[in-house]
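Inspection log for the structure reproduced underneath, given as C-alpha cells.
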Amino acid sequence: AGRDKEDLVVPTSGGRYDVHLKKRQRVAVYWEEEVSEVRRCTWFYKGDKDNKYIPYSETFSEELEEAYMIAVTLDEWKKKLESPSREIIILHNPKLMVHYHPVATSDDWGSTPTEQGRPRTVKRGVENIAAEIPNGEPLQIDHLVFVVHGIGPACDIRFRSIIQCVNDFRNVSLSMLQAHFKKAQEQQQIGRVEFLPVNWHSSLHSTGVDVDLERITLPSINRLRHFINDTILDVFFYNSSTYCQTIVDTVASEMNRLYQLFLQRNPLFKGGVSIAGHSWSLILFDLLTNQKAAPEEDEHSEEGSRTTSSNRGIEEVKEILKKLELSEYCDVFDKEKMDRQALFLCTEKNLKEMGIPLGPRMKLLHYISSKMEMQVCPLHCLRSSDDGKNCQYRDIGLGQVSANYPQLNYKPTIFFAFGSPIGMFLTVRGVKRINPNYSLPTCKGFFNIFHPFDPVAYRIEPMIVPDLEFEPMLLPHHKGRKRMHLELKEGLTRMSLSLAILFSKREPWQGRTEHLSCLSSARAHSGAKGGHNTKPEETPAVVKEEASLINVGKLNGGNRIDYVLQEKPIESFNEYLFALQGHLCYWESEDTVLLVLKEIYQTQGITLDQPLPGSQ
C-alpha cells in the first residue's frame, strides 16, 4: 500500500498524458504511444549544436551533487568524475565546471579518456537557464472534437501520424483563442476546445490483410507498390463489405471508447461533441447518415407532421383520381384512408377487393407503373416530410456498402469535413440530388471545407441546388482581410468586364455614351424599385453579394455548407505544383481552425471579439 501511495500520477499536456513519478515515465492516455522517460533535472551540460542545456541522468546527477557538496565543504576543487559514457567532468570551482568530450574511445591497451576535445559548460540548478517552459492549457474544456484521418498512415507532406497533426491543430486553436476570443477568456466565459485523434488504419491492417497482399504483390517497383498497398487500397477496402464493416466498427468503437474515457477523466464536462474528418471523411458521413435519432425526439418532431402528411397524401390521391377522370371513386379511397404512398403499394388484387372495376383498375395500375419507371422513390425519401412531392431525390444511402453501422453514444453537434470527396462518391453511387429537407439524423451542422487546389475535395451544395450556379463561401483570413493578390485579381476582373461592355461591337464613342446612360438609368431604377429588375451585365455582382443568402437546404441548418480557403500568393503561380500541399494544409491552417472555433462557440452564444469581413 505504501508503494502504491508513492507512485503518484500527474496528468500533463491538458490531461492527454500521465506522468508516473515513481517509474519516471510519461504515458499517453487516449492513444497508443511509446512510453517516454521523465527526469528530475538538477545538473546540465551545454549541447554542441543548439547550445541548449541538456540534463544528465538522475543517477549521475546524484554523483555530481555528492562530489560538489564535498568540494564545497572541504574547499577542495579540481575534482574529476567520469560519466557513464566515459566522458570527463572537472569541477574547477563553483563557477567553472567543464565537461570534456573525448576525441577517441579507449584503445586496446585500455587507456582512459583524457580531457581532450572541445569543453562544454556544466551547470548546477535551473537558475538563469533560458528554457521555454509553456504556460500550459486552460483547465476548462468547453467542447470535444474527434478528428478522424483519411487513407494511409501518414496525414501530411512530412509523413507524420494523425497524433502529430492533431497536436498542431490543437496548438493553432490555442493561439486563435488568444487572438480572437480574448474578451471571452478574460471574462472566463470560455476555456478551450479539446481535439483527440481517432486512428483506424492500424486496426484495419492488423487483420492479416497485409500478409495476403504481400503474397500477390509483384516484386518490381517495390516502394511504389508498398505505398499503394498501405494507402490507396484503403479506398477499395472501404468498398468491400468485409473490410467496410471492420472500418466502421473501428471508427465508431474508438470514438465511443475515447468519449467514455474522456468523461471518466473529466467528470465535470458538460460541453458538446463534434466530429472532424480529413480526406476520407466519407466514413463519417456514412456513419452519421445511419444514426438513429432518439425515439422521444422522433415522436416530438414527427408527431405534428404525421397528421399533416397523411391529410396531404389523401388530397394527392384525390388529385390523381381527378387527373385520370376517376373522381367518382374518391369516396372509396377516402373510406380506406388511402394516401399516395399506400396507393403506390397497391396491387390489382387490392384494387379489386376495394370494388374498383376493371377499366379504372387498369388506368390506376398503368399510372403507378409509369411513375415507378420514371423515378426511384424510396419510402423514407431522405427523411423528407414532403413524401410524394420530393420523390425525385434518391436515397442518400443509395449505393452504400452493406454493413451494420454502429450507433454512437452521443449526438455530434457539428461535422467538419476537410478536403473531402463526399460529393464525388455520392454522385458515383447514383445520388444526383440531395433533398433540401434532408439533414443528418443526429447532427444538425455540416461544413465542407477545402483548399481551392485540393485534388481530392469536391463540393456538396450543387447537389442540393443544381439549377443555380454560385461560388462557395470564401473563408475570411484570420487577420481580418482578403489576401492582397485575390483583391488585385478581383479588381482586374471587374476592370476587364467594364472594358468589355464599354468597347462593344458598336462604335466606341457611341457604345461608351450608351453604356453610361444605361448605367445611370439602371441605378435610378434600382434605387426606385429596390433593384429587382437589374441588367444582365449586373448579375455576376449581385450573385456574389447575395451568395450567403442562397438557400442550400437543411443539411447545415439552413446555412452555407461549402467553404473555400484563400490560396497563398505563391500558390497562385502554379496550381498543379501546390495541389498535394493543398490537400495536406488543413492541420496548420489558421483560417480553418478559426472557422471551427467560431462555429463551435457560436452554438454556445459566444462570438468573436471582432467579426471578420465576409464571414457568414
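Every chain in the C-alpha cells takes a letter, A first, then B, and so on in the order presented; its residues are numbered from 1, and the ligands are numbered from 1 following the presented order.
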Task: stretch 50-62 of chain A environment, 9 Å, only C-alpha atoms, sequence neighbours closer than 2 positions dropped, as a PyMOL selection string - done: chain A and resi 39-48+64-67+83-84+121-123+129-131
Restrict the selected residues to C-alpha atoms and save them as a PDB file, in the first residue's frame.
```pdb
ATOM      1  CA  ARG A  39      13.834  13.127 -15.493  1.00  0.00           C
ATOM      2  CA  ARG A  40      14.173  15.251 -12.403  1.00  0.00           C
ATOM      3  CA  CYS A  41      16.787  17.668 -13.689  1.00  0.00           C
ATOM      4  CA  THR A  42      19.412  19.181 -11.357  1.00  0.00           C
ATOM      5  CA  TRP A  43      22.647  19.050 -13.398  1.00  0.00           C
ATOM      6  CA  PHE A  44      23.024  20.125 -17.036  1.00  0.00           C
ATOM      7  CA  TYR A  45      25.636  20.417 -19.754  1.00  0.00           C
ATOM      8  CA  LYS A  46      25.517  22.633 -22.827  1.00  0.00           C
ATOM      9  CA  GLY A  47      24.974  20.842 -26.130  1.00  0.00           C
ATOM     10  CA  ASP A  48      27.243  21.155 -29.172  1.00  0.00           C
ATOM     11  CA  LEU A  64      27.842  15.109  -9.303  1.00  0.00           C
ATOM     12  CA  GLU A  65      25.865  16.579  -6.421  1.00  0.00           C
ATOM     13  CA  GLU A  66      27.750  14.455  -3.883  1.00  0.00           C
ATOM     14  CA  ALA A  67      31.153  15.442  -5.331  1.00  0.00           C
ATOM     15  CA  SER A  83      30.284   9.884 -16.794  1.00  0.00           C
ATOM     16  CA  PRO A  84      28.547   6.605 -17.797  1.00  0.00           C
ATOM     17  CA  THR A 121      29.870  24.141 -19.808  1.00  0.00           C
ATOM     18  CA  VAL A 122      28.369  22.280 -16.850  1.00  0.00           C
ATOM     19  CA  LYS A 123      25.681  23.935 -14.734  1.00  0.00           C
ATOM     20  CA  ILE A 129      18.663  28.768 -17.960  1.00  0.00           C
ATOM     21  CA  ALA A 130      16.719  30.246 -20.865  1.00  0.00           C
ATOM     22  CA  ALA A 131      14.301  27.340 -21.171  1.00  0.00           C
TER      23      ALA A 131
END
```
- [ ] Check the DSSP output for the backbone and give back, as a PyMOL selection string, the residues of stretch 47-282 of chain A in helix (DSSP H, G or I).
- [x] chain A and resi 58-74+162-180+182-186+201-204+209-216+222-230+233-238+241-265+282
Within 9 Å of A:Val235, counting only C-alpha atoms, which residues qualify if same-chain residues fewer than 3 places away don't, as a compact mmCIF listing (two decimals) with N, CA and C atoms, in the first residue's frame?
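The result, written out as result20.txt:
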```
# COMPACT_ATOMS: atom_id res chain seq x y z
N ILE A 151 -7.09 8.11 -45.79
CA ILE A 151 -6.44 6.86 -46.18
C ILE A 151 -4.96 6.93 -45.85
N THR A 231 -1.82 2.71 -48.61
CA THR A 231 -2.64 3.93 -48.63
C THR A 231 -3.84 3.81 -49.55
N ILE A 232 -3.58 3.79 -50.86
CA ILE A 232 -4.68 3.87 -51.83
C ILE A 232 -5.63 2.69 -51.72
N TYR A 238 -12.71 -0.02 -48.19
CA TYR A 238 -13.97 0.52 -47.70
C TYR A 238 -15.15 0.11 -48.58
N ASN A 239 -14.89 -0.17 -49.85
CA ASN A 239 -15.95 -0.61 -50.75
C ASN A 239 -16.15 -2.12 -50.73
N TRP A 280 -10.63 11.24 -46.31
CA TRP A 280 -11.59 10.15 -46.44
C TRP A 280 -12.68 10.26 -45.36
```
Hey, what's within 10 Å of A:Asn409 if we count only C-alpha atoms and toss same-chain stuff fewer than 3 positions away? As a PDB file with C-alpha atoms, in the first residue's frame, please?
```pdb
ATOM      1  CA  ALA A 252     -17.362   4.062 -34.071  1.00  0.00           C
ATOM      2  CA  SER A 253     -15.970   1.913 -31.238  1.00  0.00           C
ATOM      3  CA  MET A 255     -14.855   7.283 -30.766  1.00  0.00           C
ATOM      4  CA  ASN A 256     -17.181   5.712 -28.177  1.00  0.00           C
ATOM      5  CA  ARG A 257     -14.191   4.459 -26.175  1.00  0.00           C
ATOM      6  CA  TYR A 259     -15.732   9.568 -25.259  1.00  0.00           C
ATOM      7  CA  GLN A 260     -16.249   7.320 -22.213  1.00  0.00           C
ATOM      8  CA  PRO A 406     -22.823   1.069 -35.183  1.00  0.00           C
ATOM      9  CA  PRO A 412     -22.492  15.265 -32.623  1.00  0.00           C
TER      10      PRO A 412
END
```
Open item on the list: Need the shell around stretch 575-587 of chain A: protein/DNA/RNA residues with any atom at most 6 Å away, counting only C-alpha atoms. Skip same-chain ones fewer than 3 positions apart. Format as number ranges by chain?
Closed with: A: 156, 165, 169, 451, 453-454
Please produce a file of those selected residues containing N, CA, C and O atoms, as a CSV table (one decimal), in the first residue's frame.
```csv
chain,number,residue,atom,x,y,z
A,156,ASP,N,0.2,14.2,-43.5
A,156,ASP,CA,0.7,15.4,-44.1
A,156,ASP,C,1.9,15.1,-45.0
A,156,ASP,O,2.4,14.0,-45.1
A,165,CYS,N,-0.3,15.5,-36.2
A,165,CYS,CA,-1.0,16.5,-37.0
A,165,CYS,C,-2.1,17.2,-36.1
A,165,CYS,O,-2.3,18.4,-36.2
A,169,PHE,N,-2.9,21.1,-34.9
A,169,PHE,CA,-4.2,21.7,-35.0
A,169,PHE,C,-4.7,22.3,-33.6
A,169,PHE,O,-5.2,23.4,-33.6
A,451,HIS,N,-9.4,23.5,-49.7
A,451,HIS,CA,-8.4,24.4,-50.4
A,451,HIS,C,-8.8,24.4,-51.9
A,451,HIS,O,-9.2,23.4,-52.5
A,453,PHE,N,-7.1,24.3,-54.5
A,453,PHE,CA,-6.3,23.4,-55.4
A,453,PHE,C,-6.2,22.0,-54.9
A,453,PHE,O,-5.5,21.2,-55.4
A,454,ASP,N,-7.1,21.7,-53.9
A,454,ASP,CA,-7.1,20.3,-53.3
A,454,ASP,C,-7.7,19.4,-54.4
A,454,ASP,O,-8.9,19.5,-54.8
```
Open item on the list: Could you list, as a ChimeraX atom specification, every residue within 10 Å of A:Pro360, counting only C-alpha atoms and ignoring same-chain residues fewer than 3 positions away?
Closed with: /A:321,324-326,329,351,356-357,363-366
Selection to disk with N, CA, C and O atoms, as a PDB file, in the first residue's frame:
```
ATOM      1  N   LEU A 321     -56.871  10.883 -58.939  1.00  0.00           N
ATOM      2  CA  LEU A 321     -58.134  10.353 -59.455  1.00  0.00           C
ATOM      3  C   LEU A 321     -58.829  11.357 -60.361  1.00  0.00           C
ATOM      4  O   LEU A 321     -59.406  10.992 -61.396  1.00  0.00           O
ATOM      5  N   LEU A 324     -57.113  11.355 -63.711  1.00  0.00           N
ATOM      6  CA  LEU A 324     -57.447  10.170 -64.507  1.00  0.00           C
ATOM      7  C   LEU A 324     -58.934  10.064 -64.788  1.00  0.00           C
ATOM      8  O   LEU A 324     -59.397   9.031 -65.313  1.00  0.00           O
ATOM      9  N   GLU A 325     -59.697  11.101 -64.446  1.00  0.00           N
ATOM     10  CA  GLU A 325     -61.156  11.147 -64.641  1.00  0.00           C
ATOM     11  C   GLU A 325     -61.848  10.014 -63.900  1.00  0.00           C
ATOM     12  O   GLU A 325     -62.751   9.353 -64.401  1.00  0.00           O
ATOM     13  N   LEU A 326     -61.408   9.789 -62.664  1.00  0.00           N
ATOM     14  CA  LEU A 326     -61.988   8.745 -61.804  1.00  0.00           C
ATOM     15  C   LEU A 326     -62.437   9.343 -60.474  1.00  0.00           C
ATOM     16  O   LEU A 326     -62.356   8.705 -59.429  1.00  0.00           O
ATOM     17  N   TYR A 329     -64.641   7.704 -57.609  1.00  0.00           N
ATOM     18  CA  TYR A 329     -64.140   6.705 -56.681  1.00  0.00           C
ATOM     19  C   TYR A 329     -63.401   7.345 -55.495  1.00  0.00           C
ATOM     20  O   TYR A 329     -62.763   6.639 -54.713  1.00  0.00           O
ATOM     21  N   LEU A 351     -56.952  -3.470 -55.445  1.00  0.00           N
ATOM     22  CA  LEU A 351     -57.951  -2.592 -56.069  1.00  0.00           C
ATOM     23  C   LEU A 351     -59.244  -3.344 -56.345  1.00  0.00           C
ATOM     24  O   LEU A 351     -60.350  -2.781 -56.226  1.00  0.00           O
ATOM     25  N   ILE A 356     -63.124  -1.669 -57.208  1.00  0.00           N
ATOM     26  CA  ILE A 356     -62.835  -0.829 -58.368  1.00  0.00           C
ATOM     27  C   ILE A 356     -62.994  -1.675 -59.631  1.00  0.00           C
ATOM     28  O   ILE A 356     -62.387  -2.759 -59.742  1.00  0.00           O
ATOM     29  N   PRO A 357     -63.785  -1.242 -60.607  1.00  0.00           N
ATOM     30  CA  PRO A 357     -63.982  -2.014 -61.846  1.00  0.00           C
ATOM     31  C   PRO A 357     -62.688  -2.182 -62.631  1.00  0.00           C
ATOM     32  O   PRO A 357     -61.672  -1.524 -62.368  1.00  0.00           O
ATOM     33  N   LYS A 363     -56.308   1.792 -65.486  1.00  0.00           N
ATOM     34  CA  LYS A 363     -55.809   3.165 -65.526  1.00  0.00           C
ATOM     35  C   LYS A 363     -54.881   3.452 -64.346  1.00  0.00           C
ATOM     36  O   LYS A 363     -53.786   4.017 -64.503  1.00  0.00           O
ATOM     37  N   LEU A 364     -55.308   3.043 -63.153  1.00  0.00           N
ATOM     38  CA  LEU A 364     -54.504   3.302 -61.952  1.00  0.00           C
ATOM     39  C   LEU A 364     -53.189   2.526 -61.980  1.00  0.00           C
ATOM     40  O   LEU A 364     -52.125   3.061 -61.652  1.00  0.00           O
ATOM     41  N   LEU A 365     -53.254   1.245 -62.384  1.00  0.00           N
ATOM     42  CA  LEU A 365     -52.042   0.430 -62.420  1.00  0.00           C
ATOM     43  C   LEU A 365     -51.051   0.955 -63.456  1.00  0.00           C
ATOM     44  O   LEU A 365     -49.835   0.938 -63.228  1.00  0.00           O
ATOM     45  N   HIS A 366     -51.574   1.430 -64.611  1.00  0.00           N
ATOM     46  CA  HIS A 366     -50.690   1.998 -65.619  1.00  0.00           C
ATOM     47  C   HIS A 366     -50.034   3.281 -65.112  1.00  0.00           C
ATOM     48  O   HIS A 366     -48.837   3.513 -65.338  1.00  0.00           O
TER      49      HIS A 366
END
```
Open item on the list: What's around stretch 176-187 of chain A at 8 Å? Count only C-alpha atoms, leave out sequence neighbours fewer than 4 positions away in its own chain, and write the answer as JSON, numbers by chain.
Closed with: {"A": [172, 191, 192, 590, 593, 594, 597, 606, 607, 608, 609, 610]}
